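For reference, the structure discussed in these notes is given below.
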Amino acid sequence: MKQIHLLLTAFGFFTRIPVPFKIAFSQDNLNKCNRYLPIVGYVVGGISALVFWGTSLVFPQSIAVILSMMTSVLLTGAFHEDGFADVCDAFGGGWTKEKILFIMKDSRVGAYGAIGILLLLLLKFFSTNEIPSSTIAVAIIIGHVISRTMAVWTMHTLNYVREDESSKSKPITKALKIKDLLIAFIIAAPTFLLLGNNVFLLILAPALVAKLWMEHYFKKWIGGYTGDCLGSIQQVSEVVIYLSIIAINNYNTYENSFEAQLNSIF
């Protein structure tokens, strides 16, 4: 029952999906619920993939992709997208740690945030739409699960930097133990089976590089992370995964075409 409460706490905080009954607030539960973020990814990604599959039977693929993206935004309340926009505003307009944290706390969206989230959503749409139609649903699930696992990983490797209680994310972004991180890895592991181990590693590596670079950037400027930084890591990792799938598919297509040309010659 304790683990069910943790799981429902994760869904209650990170999504707009109604939980079956009211979960009493507990900081310990909020700290430990991060281990179940990959499950949130399975559900949000799975529903979004299902919407894509269903609508693609009626509409062109591009419209189905947009409807799938809209579904994920509705399911999460744009939780991670809002974090990405705040990070764009804060790091674009702030030049000291104090200024960056102050801007990040502002609920208003500025020019950097508006431009950043627009470009991110455009890139997410075009990259998803370029994936072969037979692979899009699987790619969406992988993207949502692994990107959230990357965010959990950051909670373990960096320190939370806000010292006040003004951030709604503070209760869930501190005291992450190695046990919680390992549980998150185990939950995310089945995604290896969706595309195969070799291909999956080629997808995972670029997402890991993007995560490490963002962590380095956050640590350099503010000494750690905030909840908005986690949202940025989730969003960027998701897009990088889609781009990696496209790159792998294009390479395989080129390789097969090159082999066909050689066979026709010899």
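Letters A, B, ... mark the chains of the structure tokens in the order given; residue numbers begin at 1 per chain; ligand numbers begin at 1, in order shown.
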Legend entry - Val145 of chain A surroundings by only C-alpha atoms, 8 Å radius, close-in-sequence under 5 positions cut, as a list in words: Leu37, Pro38, Ile39, Val40, Gly41, Tyr42, Gly45, Ala188 and Thr191 of chain A
Inset, instruction - Mind listing the alpha helix (DSSP H) residues of segment 3-235 of chain A, per DSSP on the backbone, as a ChimeraX atom specification? - result: /A:3-14,27-32,37-56,61-76,79-93,97-105,111-130,133-157,178-188,192-195,197-222,227-235
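Proximity to Lys124 of chain A was assessed for A:Met69, A:Ala210, A:Gly54, A:Ile23 counting only C-alpha atoms; the smallest distance is recorded for A:Met69.
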Legend entry - Nearest candidate to Gly12 of chain A (options A:Ile66, A:Thr149, A:Leu57, A:Gly77; using only C-alpha atoms): A:Gly77
Inset, instruction - Pick out the closest residue to Val236 of chain A from this set: A:Ile178, A:Leu208, A:Val138, A:Met1. Count only C-alpha atoms. - result: A:Leu208
Legend entry - Shell around Gly143 of chain A at 8 Å using only C-alpha atoms, local window under 3 positions removed, as a list in words: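 Once the nearby chain positions are removed, what remains is Gly45, Ala139, Ile140, Ile146, Ser147, Ser237, Glu238, Val239, Ile241 and Tyr242 of chain A.
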Expected file: the selected residues, all heavy atoms, as a PDB file, in the first residue's frame:
```pdb
ATOM      1  N   GLY A  45       3.151   8.586 -22.142  1.00  0.00           N
ATOM      2  CA  GLY A  45       3.602   8.215 -23.482  1.00  0.00           C
ATOM      3  C   GLY A  45       2.689   7.199 -24.136  1.00  0.00           C
ATOM      4  O   GLY A  45       2.419   7.274 -25.339  1.00  0.00           O
ATOM      5  N   ALA A 139       8.329   5.109 -30.490  1.00  0.00           N
ATOM      6  CA  ALA A 139       9.256   6.212 -30.213  1.00  0.00           C
ATOM      7  C   ALA A 139       8.686   7.154 -29.161  1.00  0.00           C
ATOM      8  O   ALA A 139       9.417   7.641 -28.291  1.00  0.00           O
ATOM      9  CB  ALA A 139       9.555   6.979 -31.496  1.00  0.00           C
ATOM     10  N   ILE A 140       7.393   7.424 -29.224  1.00  0.00           N
ATOM     11  CA  ILE A 140       6.762   8.312 -28.246  1.00  0.00           C
ATOM     12  C   ILE A 140       6.878   7.731 -26.839  1.00  0.00           C
ATOM     13  O   ILE A 140       7.215   8.442 -25.881  1.00  0.00           O
ATOM     14  CB  ILE A 140       5.285   8.550 -28.619  1.00  0.00           C
ATOM     15  CG1 ILE A 140       5.185   9.407 -29.889  1.00  0.00           C
ATOM     16  CG2 ILE A 140       4.537   9.225 -27.469  1.00  0.00           C
ATOM     17  CD1 ILE A 140       3.780   9.547 -30.432  1.00  0.00           C
ATOM     18  N   ILE A 146      12.314   7.467 -21.074  1.00  0.00           N
ATOM     19  CA  ILE A 146      13.741   7.719 -20.884  1.00  0.00           C
ATOM     20  C   ILE A 146      14.014   9.161 -20.486  1.00  0.00           C
ATOM     21  O   ILE A 146      14.887   9.439 -19.655  1.00  0.00           O
ATOM     22  CB  ILE A 146      14.523   7.346 -22.159  1.00  0.00           C
ATOM     23  CG1 ILE A 146      14.357   5.859 -22.462  1.00  0.00           C
ATOM     24  CG2 ILE A 146      16.008   7.677 -21.982  1.00  0.00           C
ATOM     25  CD1 ILE A 146      14.763   4.947 -21.324  1.00  0.00           C
ATOM     26  N   SER A 147      13.277  10.101 -21.065  1.00  0.00           N
ATOM     27  CA  SER A 147      13.512  11.511 -20.711  1.00  0.00           C
ATOM     28  C   SER A 147      13.208  11.769 -19.240  1.00  0.00           C
ATOM     29  O   SER A 147      13.913  12.544 -18.579  1.00  0.00           O
ATOM     30  CB  SER A 147      12.655  12.417 -21.595  1.00  0.00           C
ATOM     31  OG  SER A 147      11.275  12.179 -21.411  1.00  0.00           O
ATOM     32  N   SER A 237      15.754  15.977 -23.628  1.00  0.00           N
ATOM     33  CA  SER A 237      16.076  14.553 -23.803  1.00  0.00           C
ATOM     34  C   SER A 237      15.063  13.874 -24.713  1.00  0.00           C
ATOM     35  O   SER A 237      15.427  13.042 -25.557  1.00  0.00           O
ATOM     36  CB  SER A 237      16.104  13.848 -22.440  1.00  0.00           C
ATOM     37  OG  SER A 237      17.111  14.364 -21.608  1.00  0.00           O
ATOM     38  N   GLU A 238      13.795  14.226 -24.545  1.00  0.00           N
ATOM     39  CA  GLU A 238      12.751  13.630 -25.391  1.00  0.00           C
ATOM     40  C   GLU A 238      12.984  13.955 -26.863  1.00  0.00           C
ATOM     41  O   GLU A 238      12.920  13.067 -27.726  1.00  0.00           O
ATOM     42  CB  GLU A 238      11.376  14.133 -24.944  1.00  0.00           C
ATOM     43  CG  GLU A 238      10.220  13.520 -25.714  1.00  0.00           C
ATOM     44  CD  GLU A 238       8.874  14.091 -25.306  1.00  0.00           C
ATOM     45  OE1 GLU A 238       8.794  14.771 -24.259  1.00  0.00           O
ATOM     46  OE2 GLU A 238       7.888  13.856 -26.028  1.00  0.00           O
ATOM     47  N   VAL A 239      13.268  15.215 -27.150  1.00  0.00           N
ATOM     48  CA  VAL A 239      13.499  15.615 -28.546  1.00  0.00           C
ATOM     49  C   VAL A 239      14.762  14.963 -29.094  1.00  0.00           C
ATOM     50  O   VAL A 239      14.787  14.518 -30.247  1.00  0.00           O
ATOM     51  CB  VAL A 239      13.590  17.152 -28.654  1.00  0.00           C
ATOM     52  CG1 VAL A 239      14.025  17.564 -30.053  1.00  0.00           C
ATOM     53  CG2 VAL A 239      12.254  17.792 -28.316  1.00  0.00           C
ATOM     54  N   ILE A 241      15.992  12.120 -28.331  1.00  0.00           N
ATOM     55  CA  ILE A 241      15.673  10.719 -28.617  1.00  0.00           C
ATOM     56  C   ILE A 241      14.995  10.594 -29.976  1.00  0.00           C
ATOM     57  O   ILE A 241      15.337   9.711 -30.777  1.00  0.00           O
ATOM     58  CB  ILE A 241      14.776  10.137 -27.498  1.00  0.00           C
ATOM     59  CG1 ILE A 241      15.604   9.948 -26.222  1.00  0.00           C
ATOM     60  CG2 ILE A 241      14.147   8.812 -27.930  1.00  0.00           C
ATOM     61  CD1 ILE A 241      14.790   9.637 -25.002  1.00  0.00           C
ATOM     62  N   TYR A 242      14.045  11.483 -30.270  1.00  0.00           N
ATOM     63  CA  TYR A 242      13.387  11.445 -31.575  1.00  0.00           C
ATOM     64  C   TYR A 242      14.379  11.708 -32.708  1.00  0.00           C
ATOM     65  O   TYR A 242      14.347  11.041 -33.747  1.00  0.00           O
ATOM     66  CB  TYR A 242      12.254  12.472 -31.631  1.00  0.00           C
ATOM     67  CG  TYR A 242      11.166  12.256 -30.606  1.00  0.00           C
ATOM     68  CD1 TYR A 242      10.414  13.328 -30.107  1.00  0.00           C
ATOM     69  CD2 TYR A 242      10.877  10.986 -30.121  1.00  0.00           C
ATOM     70  CE1 TYR A 242       9.410  13.134 -29.176  1.00  0.00           C
ATOM     71  CE2 TYR A 242       9.879  10.779 -29.180  1.00  0.00           C
ATOM     72  CZ  TYR A 242       9.155  11.862 -28.708  1.00  0.00           C
ATOM     73  OH  TYR A 242       8.175  11.662 -27.776  1.00  0.00           O
TER      74      TYR A 242
END
```
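If you look at atom CA of Lys220 of chain A and atom CA of Arg108 of chain A, they are 24.9 Å away from each other.
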Inset, instruction - Go through A:Lys22, A:Lys105, A:Lys97, A:Lys211 and flag the residue nearest Gly83 of chain A, using only C-alpha atoms for the distances. - result: A:Lys105
